[in-house]
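Report on the structure given below.
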Amino acid sequence: MDESPKKELAERRNTSSHLHRKEETPSWHLGAPVDIFFRSSPCRIVVVNAQELDHPIIYVNLIFEQVTGYRADEVLGRNCRFLQYQGSFAKTRYPLVDIRILTEICRCLSEGFDFEGERLNFRKGGSPLMNRLYIKPICNDEGIITHFLGVQSFKEANFDLSPLRGLVWKKSSGAIHTHILGDMYSQKSLFVHRDCSFKKCCPLYKVSDEVLVVNILARLTPRDVTSLGSVCHRFYNLTKDESLWKLVCQNIWGQETFSILESVARRRRLWWGKIVRELTTLEAAAWRKLTVGGSVEPSCINFSVCAVGSKVVLFGGEGVNMQPVNDTFVLDLNEDCPEWTHINVNSAPPGRWGHTLSGLSDSRLVVFGGCGRNGLLNDAFVLDLDEPQPTWHEVSCSTRPLPRSWHSSCILDGTKLIVSGGCTDSGALLSDTFLLDLTMEKPVWKEINVSWRPPSRLGHTLSVLGNHKILMYGGLATSGPLRLRSSDVYIMDLSEEETRWKYVTGSMLPGGVSTCNSAPPPRLDHAAVSLPGGRVVVFGGSIAGSRLETKVYILDPMEEKPTWRILYVQGRQPKYASGHSTCLVGGTRVVVLGGHHTEDWMLTELHELCLINLKGTD
Amino acid sequence: MAEDPTAAMAKECKVRLKISDDTIFEVEYAVAMQSQMLKNALSDTGTDGTVPLHNISSEIMAKVVEYCAYHVNAANTISEKDVKIWDQEFLKDLDQATLFNLIMATQYMVIHNLQDLICQTVADRIKDKSAEEVREIFNIQNDLTPEEEEEIRHENQWAFEEEGWPEIQEEVRLEG
C-alpha cells in the first residue's frame, strides 16, 4: 500500500499536474479546500514520508522548484526546515519566523491534524516569501499516517528584515487576509476535518484563523478581544491583527464612525488596535494649542461651526456693529499649514447669529434658525462643499417650526436634522422637538409628539448616540417663574414606536442640588461631544458664579446607573469653550474656537482636545 | 440551462447531495437554494446530478437541512418572534464540536443566516469571560509560560480595569 502512492508520485515528479484528477479516485480523498487551492493559483506541492526519521521530502513539484529556487534533487531526502533559513548558507532559522507557528505545525503533525496557516520562508537566494501553508496527513487503509502533503501558495513578504524592533504593537507577521465584512465568506479559508477517528480535541483547532476572526472574534467588544490575548499563543497573535480591530470597530461603532476613523488612520498611519484602545480608555486625551493662518474677517462672535470631514466650517455670527453676517469660512485641518479661507458661495442665507450649523453626510451641511436682521428665523439652508461652485439651497417647506434662536440640533444617520427648544421672538422658551428628513424630495418638518416634555430651555445640547438615540443635556431651563441652569440628562430613542423622553440623571430640578452629588455644575452653551460607543463628553459653557471652568466630564448613558465622571486630560485647557464654536473633527479631535477676549476673535489660536494620540508610527 | 421558471423547479425538483460517508441527502430545491454555494453550483450544472459535499458529515448535514427547511417555510408565514424562539431551541443541545462543524459547513455552503446565528452564539459564550474561563469552555491548552502570561496581562491591563475615571465629589450649589 505504501508503494503505490510513492510510485505514482515518482512518475509525476517532473510535471506540475494536479494530484487529484476527476477520472481517478485515489485511495485518499484530499477534500474540497485543496481543490480550491489548486484552482486558484499555482501551488507548490511537497510530499514527505511520515514514517521515516525526520520526515524527508519525497516529492516536490515544478512550481516548488521555480518559486523557491531549490532544485528537486537538492531537497529530496531533506526535512522542510531549510526553507526557514535565509539562503542556503544560513545555519539557523531566521528570527522573524514565528516559533509558535512551528510549534503548532509540529503539534498538528504529531497528533495527526490538518494544519493551515501562514509562515515565513526564504528562497535559495535569500529573498523572503510569505507562505500560506496547508498540511494534510495522508493515511493508508488501516488509518496509519504514511505521508504528509504540503500545499503552499505564496505571496511576497514585504516587511522589514532589518534588526528586530520591540514587540509592542508589532504588526502580526501572520497577517490574515480577511475581507472587511462585505466579503466575509471566502471559500479559501476553511477546511473541515474529515472524520473523528483521531482523539478528542479542542474544536477550535479545526477552525481556521480567518473564520475565527471574521465570524466570531469580530463580534466582541474591545475589552473582550483584548482579554482573549491571555488565552494562548494563537489567540494572542490573533489579537495583534489589524484586520480584526478594523472589524471590531465597524461592528461596535458602526460604519459611519469607521469610515471617519479610517481616513484618519490611513493619513496618520495609526495602528487600529491602538485607535480602538485609546478611544475606549481615553488614556491619550490631551489639550493642544494650534495656530492657524488666515483670519475670519470681519470678526464676529456667536457664529456657528461644524465639521465636514477634516474641515471646520464657520457660518454667520454677530459682527462688530452688532449686525448679523452671512459669510462662510473653511479651515482644512488636513493641510500642513491650515488657513481660514473665505468661501465665495452663491445665494448665501440671510445673516444670523444664535443659529445651528450641522454636518450632514457627503460634505454637506445645514443651517437652521437663529436671529436675523429682522427678528428670529426658522428657515433651513443646505450647502454642498464639494460642488465646484458651492451654493446654499433653501429647504422649502410648507410648515415650519416656530422661529427661534439658541436652540439645539443634531444630525441622525447623516441625513435627518433634529431641532429642539430655543427662544422665541416673545422671549418664551420652547420644549418641542422637530425632525426634518433631508433625504426626501420635498422634506417636511415633523414634530415628534411625546406625552411628556422636559422643561423648556435654550442653550442646551443634543448629542446623537448610535443610529437612533439622542441625548439632551443642560441649558437654561424654565423652573416655574425662574430660568435656571440645568444639569439634567434626557434620552430619546427614535426607533421606538412610542417615542418619549427618558430621564437619565441630573437634579430633576433645574439649578437644583443633585441627588447624588455627582453631576457637573449646571450649565448652558457648553460643548457636548459624542464618542463612539454611546458615551458623551461635556465641557465648558456658562456656569453659575464667575468661575470659568473647562473641566472635562464624561457620561456613559448605557451604564446601569449612569454617573458623570471627571476625565483628566493632559495639557493646558482653554479658558473658555462654548457649544456653538466647538466641533468634533475626524472623530478624534474636538476643536474649540474663540474666547472672551477680542484677540481671540481673530480665531488664529485654536484649542483642540485630541482624543487619541495622533502621532503615527514610523 | 434553467429555462424553466424557478417556481416550477421549486415544486418538483429535488437536489441530491452526496456527503462524506457517501450517503445521499435529497432536499427540495427551495431548501437547497438557502445555500449560496449550491445556488451557484446548480445554476451551472442543473439539478440532475449529485452535488458532492465530501467534507460534511451526516449529522451536520441533517442539522443544516433542518434549519434551512424551517426557514424556507418560515420566511413569510411565521412571526419573527416565533422564528427566534425556534432558533434558540435549535441551538439548545448542540455541543462544542457540532457548533464548530456547523460554522465550517455554513462557511463552505455559504448559508449566511445560520452562520450568523451560530457565530453569535459562540461569541456570546466568550463575552465577559476571563481567559481561564474561555480555555475551559473550548478546551484550549494554555501554552503560555508564566512570564509570558504576566507580560501579556501587563500589556493588556486596560482591558481588565473598569473605567477608571473618578466620580465627582464636589457639592453642587443651589443657584441664586
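In the C-alpha cells, the first chain shown is A, the next is B, and so on; residue numbers restart at 1 for each chain, and ligands run from 1 in the order shown.
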
Notebook entry, point to check: Neighbours of region 83-87 of chain B within 12 Å (only C-alpha atoms; same-chain residues fewer than 6 positions away dropped), as an MDAnalysis selection string?
Noted result: chainID B and resid 63 66:68 70:77 93:94 113:114 116:118 121

Just to be explicit: take each residue in the selection above, keep N, CA, C and O atoms, and write the result as a PDB file, in the first residue's frame.
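As a result, selection33.pdb now contains:
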```pdb
ATOM      1  N   LYS B  63     -28.546  18.644  10.431  1.00  0.00           N
ATOM      2  CA  LYS B  63     -28.843  19.890  11.140  1.00  0.00           C
ATOM      3  C   LYS B  63     -29.027  21.048  10.163  1.00  0.00           C
ATOM      4  O   LYS B  63     -29.931  21.870  10.310  1.00  0.00           O
ATOM      5  N   GLU B  66     -32.285  20.702   8.447  1.00  0.00           N
ATOM      6  CA  GLU B  66     -33.371  21.034   9.374  1.00  0.00           C
ATOM      7  C   GLU B  66     -33.570  22.542   9.461  1.00  0.00           C
ATOM      8  O   GLU B  66     -34.684  23.058   9.371  1.00  0.00           O
ATOM      9  N   TYR B  67     -32.470  23.260   9.613  1.00  0.00           N
ATOM     10  CA  TYR B  67     -32.551  24.716   9.733  1.00  0.00           C
ATOM     11  C   TYR B  67     -33.082  25.341   8.456  1.00  0.00           C
ATOM     12  O   TYR B  67     -33.996  26.169   8.480  1.00  0.00           O
ATOM     13  N   CYS B  68     -32.512  24.947   7.338  1.00  0.00           N
ATOM     14  CA  CYS B  68     -32.905  25.572   6.073  1.00  0.00           C
ATOM     15  C   CYS B  68     -34.357  25.271   5.733  1.00  0.00           C
ATOM     16  O   CYS B  68     -35.088  26.140   5.251  1.00  0.00           O
ATOM     17  N   TYR B  70     -36.815  24.681   7.796  1.00  0.00           N
ATOM     18  CA  TYR B  70     -37.691  25.512   8.628  1.00  0.00           C
ATOM     19  C   TYR B  70     -37.722  26.944   8.126  1.00  0.00           C
ATOM     20  O   TYR B  70     -38.785  27.555   8.033  1.00  0.00           O
ATOM     21  N   HIS B  71     -36.561  27.484   7.790  1.00  0.00           N
ATOM     22  CA  HIS B  71     -36.526  28.896   7.417  1.00  0.00           C
ATOM     23  C   HIS B  71     -37.144  29.165   6.065  1.00  0.00           C
ATOM     24  O   HIS B  71     -37.643  30.256   5.822  1.00  0.00           O
ATOM     25  N   VAL B  72     -37.112  28.174   5.176  1.00  0.00           N
ATOM     26  CA  VAL B  72     -37.788  28.360   3.896  1.00  0.00           C
ATOM     27  C   VAL B  72     -39.289  28.531   4.139  1.00  0.00           C
ATOM     28  O   VAL B  72     -39.932  29.432   3.620  1.00  0.00           O
ATOM     29  N   ASN B  73     -39.827  27.669   5.009  1.00  0.00           N
ATOM     30  CA  ASN B  73     -41.252  27.774   5.309  1.00  0.00           C
ATOM     31  C   ASN B  73     -41.570  29.011   6.126  1.00  0.00           C
ATOM     32  O   ASN B  73     -42.587  29.649   5.943  1.00  0.00           O
ATOM     33  N   ALA B  74     -40.681  29.332   7.041  1.00  0.00           N
ATOM     34  CA  ALA B  74     -40.969  30.411   7.977  1.00  0.00           C
ATOM     35  C   ALA B  74     -40.898  31.776   7.333  1.00  0.00           C
ATOM     36  O   ALA B  74     -41.408  32.741   7.873  1.00  0.00           O
ATOM     37  N   ALA B  75     -40.292  31.812   6.150  1.00  0.00           N
ATOM     38  CA  ALA B  75     -39.969  33.109   5.546  1.00  0.00           C
ATOM     39  C   ALA B  75     -41.130  34.082   5.592  1.00  0.00           C
ATOM     40  O   ALA B  75     -40.998  35.214   6.034  1.00  0.00           O
ATOM     41  N   ASN B  76     -42.291  33.647   5.124  1.00  0.00           N
ATOM     42  CA  ASN B  76     -43.388  34.605   5.101  1.00  0.00           C
ATOM     43  C   ASN B  76     -44.528  34.260   6.032  1.00  0.00           C
ATOM     44  O   ASN B  76     -45.455  35.039   6.184  1.00  0.00           O
ATOM     45  N   THR B  77     -44.462  33.092   6.632  1.00  0.00           N
ATOM     46  CA  THR B  77     -45.646  32.646   7.366  1.00  0.00           C
ATOM     47  C   THR B  77     -45.532  32.810   8.871  1.00  0.00           C
ATOM     48  O   THR B  77     -46.511  33.081   9.539  1.00  0.00           O
ATOM     49  N   ASP B  93     -29.233  22.057  22.376  1.00  0.00           N
ATOM     50  CA  ASP B  93     -28.425  20.935  22.856  1.00  0.00           C
ATOM     51  C   ASP B  93     -27.216  20.650  21.998  1.00  0.00           C
ATOM     52  O   ASP B  93     -26.696  19.541  22.000  1.00  0.00           O
ATOM     53  N   LEU B  94     -26.751  21.642  21.253  1.00  0.00           N
ATOM     54  CA  LEU B  94     -25.612  21.388  20.388  1.00  0.00           C
ATOM     55  C   LEU B  94     -24.329  21.491  21.182  1.00  0.00           C
ATOM     56  O   LEU B  94     -24.111  22.466  21.889  1.00  0.00           O
ATOM     57  N   ASN B 113     -27.523  33.173   7.214  1.00  0.00           N
ATOM     58  CA  ASN B 113     -28.297  33.320   8.450  1.00  0.00           C
ATOM     59  C   ASN B 113     -27.934  32.285   9.495  1.00  0.00           C
ATOM     60  O   ASN B 113     -27.806  32.604  10.682  1.00  0.00           O
ATOM     61  N   LEU B 114     -27.712  31.047   9.072  1.00  0.00           N
ATOM     62  CA  LEU B 114     -27.329  30.035  10.057  1.00  0.00           C
ATOM     63  C   LEU B 114     -25.942  30.335  10.612  1.00  0.00           C
ATOM     64  O   LEU B 114     -25.690  30.192  11.806  1.00  0.00           O
ATOM     65  N   ASP B 116     -24.515  33.257  10.927  1.00  0.00           N
ATOM     66  CA  ASP B 116     -24.613  34.376  11.863  1.00  0.00           C
ATOM     67  C   ASP B 116     -25.145  33.908  13.196  1.00  0.00           C
ATOM     68  O   ASP B 116     -24.650  34.289  14.256  1.00  0.00           O
ATOM     69  N   LEU B 117     -26.168  33.066  13.150  1.00  0.00           N
ATOM     70  CA  LEU B 117     -26.781  32.581  14.385  1.00  0.00           C
ATOM     71  C   LEU B 117     -25.767  31.846  15.240  1.00  0.00           C
ATOM     72  O   LEU B 117     -25.617  32.113  16.434  1.00  0.00           O
ATOM     73  N   ILE B 118     -25.051  30.931  14.625  1.00  0.00           N
ATOM     74  CA  ILE B 118     -24.115  30.119  15.403  1.00  0.00           C
ATOM     75  C   ILE B 118     -22.934  30.941  15.878  1.00  0.00           C
ATOM     76  O   ILE B 118     -22.502  30.814  17.024  1.00  0.00           O
ATOM     77  N   THR B 121     -23.826  32.973  18.756  1.00  0.00           N
ATOM     78  CA  THR B 121     -23.931  32.138  19.957  1.00  0.00           C
ATOM     79  C   THR B 121     -22.561  31.893  20.569  1.00  0.00           C
ATOM     80  O   THR B 121     -22.381  31.996  21.785  1.00  0.00           O
TER      81      THR B 121
END
```

Residues of chain B were defined as contacting chain A if any atom lay at most 7 Å from it, counting only C-alpha atoms; please report them as a tab-separated table (two decimals) with C-alpha atoms, in the first residue's frame.
```tsv
chain	number	residue	atom	x	y	z
B	54	HIS	CA	-17.24	15.33	0.91
B	55	ASN	CA	-16.29	17.35	3.89
B	96	GLN	CA	-18.98	22.40	21.03
B	97	ALA	CA	-17.81	20.13	18.23
B	100	PHE	CA	-17.83	24.44	15.14
B	104	MET	CA	-17.41	25.45	8.88
B	107	GLN	CA	-18.93	28.76	5.66
B	108	TYR	CA	-18.41	26.27	2.87
B	110	VAL	CA	-22.42	29.91	2.32
B	119	CYS	CA	-21.25	32.58	15.43
B	120	GLN	CA	-23.23	35.00	17.54
B	122	VAL	CA	-20.25	31.31	20.23
B	123	ALA	CA	-19.38	34.99	20.64
B	127	LYS	CA	-18.35	37.61	26.14
B	128	ASP	CA	-17.20	38.90	29.50
B	130	SER	CA	-11.84	35.59	31.69
B	131	ALA	CA	-9.04	33.90	29.79
B	132	GLU	CA	-9.19	30.87	32.07
B	135	ARG	CA	-9.91	27.98	27.94
B	138	PHE	CA	-13.18	25.50	24.43
B	139	ASN	CA	-10.82	23.00	25.96
B	140	ILE	CA	-7.80	25.05	24.94
B	142	ASN	CA	-2.56	27.11	27.90
B	143	ASP	CA	0.74	27.19	26.08
B	144	LEU	CA	1.93	30.44	27.58
B	149	GLU	CA	1.25	35.49	30.77
B	152	ILE	CA	0.61	39.95	28.25
B	153	ARG	CA	-1.50	40.81	31.23
B	156	ASN	CA	-3.45	44.49	28.27
B	159	ALA	CA	-8.96	45.70	29.31
B	165	TRP	CA	-12.47	57.83	35.85
B	166	PRO	CA	-13.33	59.21	39.26
B	167	GLU	CA	-16.80	60.33	40.20
B	168	ILE	CA	-17.44	63.93	41.06
B	169	GLN	CA	-17.33	64.57	44.77
B	170	GLU	CA	-17.85	68.31	44.89
B	171	GLU	CA	-21.10	69.69	46.08
B	172	VAL	CA	-23.31	71.40	43.64
B	173	ARG	CA	-24.70	74.61	44.98
B	174	LEU	CA	-28.18	75.93	44.52
B	175	GLU	CA	-28.35	78.75	42.05
```

Note to self: Taking 2 positions as the minimum chain separation for residues in the same chain, which residues sit within 6 Å of Trp272 (chain A) when counting only C-alpha atoms? Answer as a list in words.
What the structure shows: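 Listed by chain and then number, they are Glu242, Trp245, Lys274 and Ile275 of chain A.
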
Margin query: Env of region 312-319 of chain A: 7 Å cut, atoms = only C-alpha atoms, seq-sep filter 2 positions within chain, self excluded. Answer as a PyMOL selection string.
Written below: chain A and resi 298-308+310+321-332+351-353

Next item on the list: Using only C-alpha atoms, determine which residues lie at most 12 Å from Thr588 (chain A), disregarding the query and same-chain residues fewer than 3 positions distant; provide the list as number ranges by chain.
Entry: A: 257-258, 260-265, 275-276, 278-280, 282, 284-286, 307, 309-310, 529-532, 583-585, 591, 608-614

Would you output that residue set with N, CA and C atoms, as a short mmCIF file (atom, residue, chain, number, x, y, z; two decimals), in the first residue's frame?
```cif
data_model
loop_
_atom_site.label_atom_id
_atom_site.label_comp_id
_atom_site.auth_asym_id
_atom_site.auth_seq_id
_atom_site.Cartn_x
_atom_site.Cartn_y
_atom_site.Cartn_z
N THR A 257 -18.74 55.79 11.81
CA THR A 257 -17.58 56.09 12.65
C THR A 257 -16.34 55.44 12.06
N PHE A 258 -16.50 54.21 11.57
CA PHE A 258 -15.37 53.51 11.00
C PHE A 258 -14.79 54.26 9.82
N ILE A 260 -14.97 57.43 9.14
CA ILE A 260 -14.30 58.65 9.59
C ILE A 260 -12.93 58.31 10.16
N LEU A 261 -12.88 57.30 11.00
CA LEU A 261 -11.60 56.93 11.62
C LEU A 261 -10.63 56.39 10.59
N GLU A 262 -11.17 55.72 9.58
CA GLU A 262 -10.29 55.11 8.59
C GLU A 262 -9.46 56.17 7.86
N SER A 263 -10.10 57.28 7.53
CA SER A 263 -9.33 58.29 6.80
C SER A 263 -8.25 58.88 7.71
N VAL A 264 -8.56 59.00 9.01
CA VAL A 264 -7.53 59.49 9.93
C VAL A 264 -6.42 58.46 10.07
N ALA A 265 -6.81 57.19 10.21
CA ALA A 265 -5.83 56.12 10.42
C ALA A 265 -4.89 56.02 9.23
N ILE A 275 -5.91 52.66 18.10
CA ILE A 275 -7.04 53.59 17.98
C ILE A 275 -8.20 53.10 18.83
N VAL A 276 -8.50 51.81 18.69
CA VAL A 276 -9.65 51.28 19.42
C VAL A 276 -9.39 51.36 20.92
N GLU A 278 -7.38 53.47 22.55
CA GLU A 278 -7.38 54.85 23.07
C GLU A 278 -8.76 55.46 23.07
N LEU A 279 -9.61 55.08 22.11
CA LEU A 279 -10.97 55.63 22.13
C LEU A 279 -11.82 54.96 23.20
N THR A 280 -11.37 53.82 23.68
CA THR A 280 -12.11 53.16 24.76
C THR A 280 -11.68 53.69 26.11
N LEU A 282 -9.55 56.47 26.57
CA LEU A 282 -9.26 57.91 26.53
C LEU A 282 -7.99 58.25 27.31
N ALA A 284 -5.09 58.73 26.17
CA ALA A 284 -4.18 59.63 25.47
C ALA A 284 -4.81 61.01 25.25
N ALA A 285 -5.96 61.26 25.86
CA ALA A 285 -6.65 62.54 25.63
C ALA A 285 -5.77 63.68 26.12
N ALA A 286 -5.61 64.70 25.27
CA ALA A 286 -4.74 65.82 25.65
C ALA A 286 -5.21 67.09 24.98
N ALA A 307 -18.18 70.39 11.64
CA ALA A 307 -17.07 69.70 10.97
C ALA A 307 -17.61 68.98 9.75
N GLY A 309 -15.83 66.35 7.29
CA GLY A 309 -14.59 65.63 7.03
C GLY A 309 -13.51 66.19 7.93
N SER A 310 -12.43 66.67 7.33
CA SER A 310 -11.34 67.21 8.12
C SER A 310 -11.42 68.73 8.20
N VAL A 529 -19.85 66.35 23.14
CA VAL A 529 -19.31 65.56 22.03
C VAL A 529 -19.69 64.11 22.23
N SER A 530 -20.16 63.46 21.17
CA SER A 530 -20.48 62.03 21.23
C SER A 530 -19.26 61.22 20.89
N LEU A 531 -18.92 60.29 21.77
CA LEU A 531 -17.82 59.38 21.47
C LEU A 531 -18.39 58.08 20.92
N PRO A 532 -17.56 57.33 20.18
CA PRO A 532 -18.04 56.02 19.74
C PRO A 532 -18.40 55.19 20.96
N CYS A 583 -16.47 71.86 17.69
CA CYS A 583 -16.96 70.75 16.88
C CYS A 583 -15.95 69.61 16.90
N LEU A 584 -16.43 68.41 16.60
CA LEU A 584 -15.59 67.21 16.60
C LEU A 584 -15.15 66.93 15.17
N VAL A 585 -13.84 66.96 14.95
CA VAL A 585 -13.31 66.76 13.59
C VAL A 585 -12.70 65.37 13.48
N VAL A 591 -12.33 70.57 18.31
CA VAL A 591 -11.73 71.88 18.07
C VAL A 591 -12.54 72.95 18.76
N GLU A 608 -7.48 72.39 20.82
CA GLU A 608 -8.15 71.16 20.46
C GLU A 608 -7.91 70.08 21.51
N LEU A 609 -8.97 69.33 21.72
CA LEU A 609 -8.89 68.19 22.63
C LEU A 609 -8.71 66.96 21.76
N CYS A 610 -7.47 66.44 21.74
CA CYS A 610 -7.20 65.26 20.93
C CYS A 610 -7.56 64.04 21.74
N LEU A 611 -8.48 63.24 21.22
CA LEU A 611 -8.93 62.09 21.98
C LEU A 611 -7.97 60.92 21.90
N ILE A 612 -7.24 60.85 20.79
CA ILE A 612 -6.26 59.77 20.68
C ILE A 612 -4.92 60.37 20.33
N ASN A 613 -3.90 59.55 20.40
CA ASN A 613 -2.57 60.01 20.06
C ASN A 613 -2.45 60.02 18.55
N LEU A 614 -2.33 61.21 17.98
CA LEU A 614 -2.36 61.29 16.53
C LEU A 614 -0.98 61.18 15.90
#
```

Notebook entry, point to check: Which neighbours of region 11-25 of chain B fall inside 6 Å, counting only C-alpha atoms, when residues of the same chain fewer than 5 positions from it are skipped, and could you give them as a VMD selection string?
Noted result: chain B and resid 47 50 to 57

Can I get the selected residues back with all heavy atoms, as an mmCIF file, in the first residue's frame?
```cif
data_model
loop_
_atom_site.group_PDB
_atom_site.id
_atom_site.type_symbol
_atom_site.label_atom_id
_atom_site.label_comp_id
_atom_site.auth_asym_id
_atom_site.auth_seq_id
_atom_site.Cartn_x
_atom_site.Cartn_y
_atom_site.Cartn_z
ATOM 1 N N THR B 47 -30.043 20.400 -11.917
ATOM 2 C CA THR B 47 -30.299 19.589 -10.725
ATOM 3 C C THR B 47 -30.243 18.096 -10.993
ATOM 4 O O THR B 47 -30.591 17.291 -10.160
ATOM 5 C CB THR B 47 -31.691 19.906 -10.160
ATOM 6 O OG1 THR B 47 -32.631 19.734 -11.227
ATOM 7 C CG2 THR B 47 -31.760 21.324 -9.642
ATOM 8 N N THR B 50 -25.531 14.812 -8.900
ATOM 9 C CA THR B 50 -25.393 14.834 -7.449
ATOM 10 C C THR B 50 -24.292 15.811 -7.098
ATOM 11 O O THR B 50 -23.221 15.779 -7.702
ATOM 12 C CB THR B 50 -24.984 13.443 -6.952
ATOM 13 O OG1 THR B 50 -25.857 12.494 -7.545
ATOM 14 C CG2 THR B 50 -25.082 13.357 -5.449
ATOM 15 N N VAL B 51 -24.549 16.631 -6.114
ATOM 16 C CA VAL B 51 -23.513 17.571 -5.700
ATOM 17 C C VAL B 51 -22.671 16.936 -4.607
ATOM 18 O O VAL B 51 -23.213 16.507 -3.591
ATOM 19 C CB VAL B 51 -24.133 18.883 -5.163
ATOM 20 C CG1 VAL B 51 -23.037 19.852 -4.771
ATOM 21 C CG2 VAL B 51 -25.060 19.507 -6.192
ATOM 22 N N PRO B 52 -21.370 16.816 -4.805
ATOM 23 C CA PRO B 52 -20.544 16.182 -3.775
ATOM 24 C C PRO B 52 -20.192 17.176 -2.675
ATOM 25 O O PRO B 52 -19.772 18.295 -2.953
ATOM 26 C CB PRO B 52 -19.282 15.769 -4.541
ATOM 27 C CG PRO B 52 -19.195 16.734 -5.677
ATOM 28 C CD PRO B 52 -20.580 17.224 -5.976
ATOM 29 N N LEU B 53 -20.406 16.765 -1.445
ATOM 30 C CA LEU B 53 -20.024 17.601 -0.307
ATOM 31 C C LEU B 53 -19.225 16.705 0.641
ATOM 32 O O LEU B 53 -19.686 16.332 1.712
ATOM 33 C CB LEU B 53 -21.271 18.149 0.400
ATOM 34 C CG LEU B 53 -22.125 19.112 -0.414
ATOM 35 C CD1 LEU B 53 -23.419 19.420 0.314
ATOM 36 C CD2 LEU B 53 -21.382 20.413 -0.673
ATOM 37 N N HIS B 54 -18.005 16.368 0.205
ATOM 38 C CA HIS B 54 -17.245 15.329 0.914
ATOM 39 C C HIS B 54 -16.878 15.696 2.321
ATOM 40 O O HIS B 54 -16.564 14.851 3.130
ATOM 41 C CB HIS B 54 -15.955 15.044 0.141
ATOM 42 C CG HIS B 54 -16.212 14.479 -1.209
ATOM 43 N ND1 HIS B 54 -16.929 13.330 -1.399
ATOM 44 C CD2 HIS B 54 -15.866 14.920 -2.437
ATOM 45 C CE1 HIS B 54 -17.005 13.075 -2.685
ATOM 46 N NE2 HIS B 54 -16.370 14.016 -3.342
ATOM 47 N N ASN B 55 -16.822 16.983 2.597
ATOM 48 C CA ASN B 55 -16.292 17.353 3.885
ATOM 49 C C ASN B 55 -17.360 17.558 4.943
ATOM 50 O O ASN B 55 -17.064 18.020 6.036
ATOM 51 C CB ASN B 55 -15.423 18.614 3.762
ATOM 52 C CG ASN B 55 -15.953 19.534 2.692
ATOM 53 O OD1 ASN B 55 -16.984 19.262 2.081
ATOM 54 N ND2 ASN B 55 -15.259 20.607 2.444
ATOM 55 N N ILE B 56 -18.610 17.213 4.635
ATOM 56 C CA ILE B 56 -19.666 17.412 5.626
ATOM 57 C C ILE B 56 -20.217 16.054 6.043
ATOM 58 O O ILE B 56 -20.517 15.216 5.203
ATOM 59 C CB ILE B 56 -20.775 18.300 5.050
ATOM 60 C CG1 ILE B 56 -20.164 19.638 4.618
ATOM 61 C CG2 ILE B 56 -21.884 18.519 6.059
ATOM 62 C CD1 ILE B 56 -21.144 20.631 4.102
ATOM 63 N N SER B 57 -20.351 15.860 7.344
ATOM 64 C CA SER B 57 -20.824 14.565 7.828
ATOM 65 C C SER B 57 -22.349 14.544 7.852
ATOM 66 O O SER B 57 -23.004 15.572 7.708
ATOM 67 C CB SER B 57 -20.291 14.317 9.231
ATOM 68 O OG SER B 57 -20.959 15.187 10.116
#
```

Surrounding residues of Thr415 (chain A) excluding itself and chain neighbours under 5 positions, 7 Å, only C-alpha atoms, as a PDB file with all heavy atoms, in the first residue's frame:
```
ATOM      1  N   LEU A 360     -23.888  67.179   7.575  1.00  0.00           N
ATOM      2  CA  LEU A 360     -24.588  66.012   7.064  1.00  0.00           C
ATOM      3  C   LEU A 360     -23.564  65.091   6.417  1.00  0.00           C
ATOM      4  O   LEU A 360     -22.383  65.415   6.361  1.00  0.00           O
ATOM      5  CB  LEU A 360     -25.615  66.438   6.005  1.00  0.00           C
ATOM      6  CG  LEU A 360     -26.703  67.396   6.456  1.00  0.00           C
ATOM      7  CD1 LEU A 360     -27.332  68.062   5.242  1.00  0.00           C
ATOM      8  CD2 LEU A 360     -27.765  66.650   7.236  1.00  0.00           C
ATOM      9  N   SER A 361     -24.020  63.960   5.883  1.00  0.00           N
ATOM     10  CA  SER A 361     -23.082  63.070   5.197  1.00  0.00           C
ATOM     11  C   SER A 361     -22.694  63.691   3.861  1.00  0.00           C
ATOM     12  O   SER A 361     -23.360  64.595   3.368  1.00  0.00           O
ATOM     13  CB  SER A 361     -23.738  61.707   4.983  1.00  0.00           C
ATOM     14  OG  SER A 361     -24.979  61.866   4.352  1.00  0.00           O
ATOM     15  N   ASP A 437     -36.365  65.303   7.502  1.00  0.00           N
ATOM     16  CA  ASP A 437     -35.670  64.253   6.769  1.00  0.00           C
ATOM     17  C   ASP A 437     -35.196  64.803   5.440  1.00  0.00           C
ATOM     18  O   ASP A 437     -35.986  65.005   4.515  1.00  0.00           O
ATOM     19  CB  ASP A 437     -36.611  63.058   6.545  1.00  0.00           C
ATOM     20  CG  ASP A 437     -35.892  61.885   5.932  1.00  0.00           C
ATOM     21  OD1 ASP A 437     -34.745  62.072   5.467  1.00  0.00           O
ATOM     22  OD2 ASP A 437     -36.464  60.788   5.911  1.00  0.00           O
ATOM     23  N   LEU A 438     -33.894  65.043   5.321  1.00  0.00           N
ATOM     24  CA  LEU A 438     -33.389  65.697   4.126  1.00  0.00           C
ATOM     25  C   LEU A 438     -33.169  64.753   2.959  1.00  0.00           C
ATOM     26  O   LEU A 438     -32.706  65.160   1.902  1.00  0.00           O
ATOM     27  CB  LEU A 438     -32.084  66.438   4.458  1.00  0.00           C
ATOM     28  CG  LEU A 438     -32.337  67.678   5.323  1.00  0.00           C
ATOM     29  CD1 LEU A 438     -31.052  68.154   5.975  1.00  0.00           C
ATOM     30  CD2 LEU A 438     -32.936  68.793   4.496  1.00  0.00           C
ATOM     31  N   THR A 439     -33.473  63.456   3.167  1.00  0.00           N
ATOM     32  CA  THR A 439     -33.351  62.553   2.020  1.00  0.00           C
ATOM     33  C   THR A 439     -34.582  62.624   1.137  1.00  0.00           C
ATOM     34  O   THR A 439     -34.548  62.178  -0.008  1.00  0.00           O
ATOM     35  CB  THR A 439     -33.198  61.094   2.471  1.00  0.00           C
ATOM     36  OG1 THR A 439     -34.314  60.751   3.298  1.00  0.00           O
ATOM     37  CG2 THR A 439     -31.913  60.890   3.242  1.00  0.00           C
TER      38      THR A 439
END
```
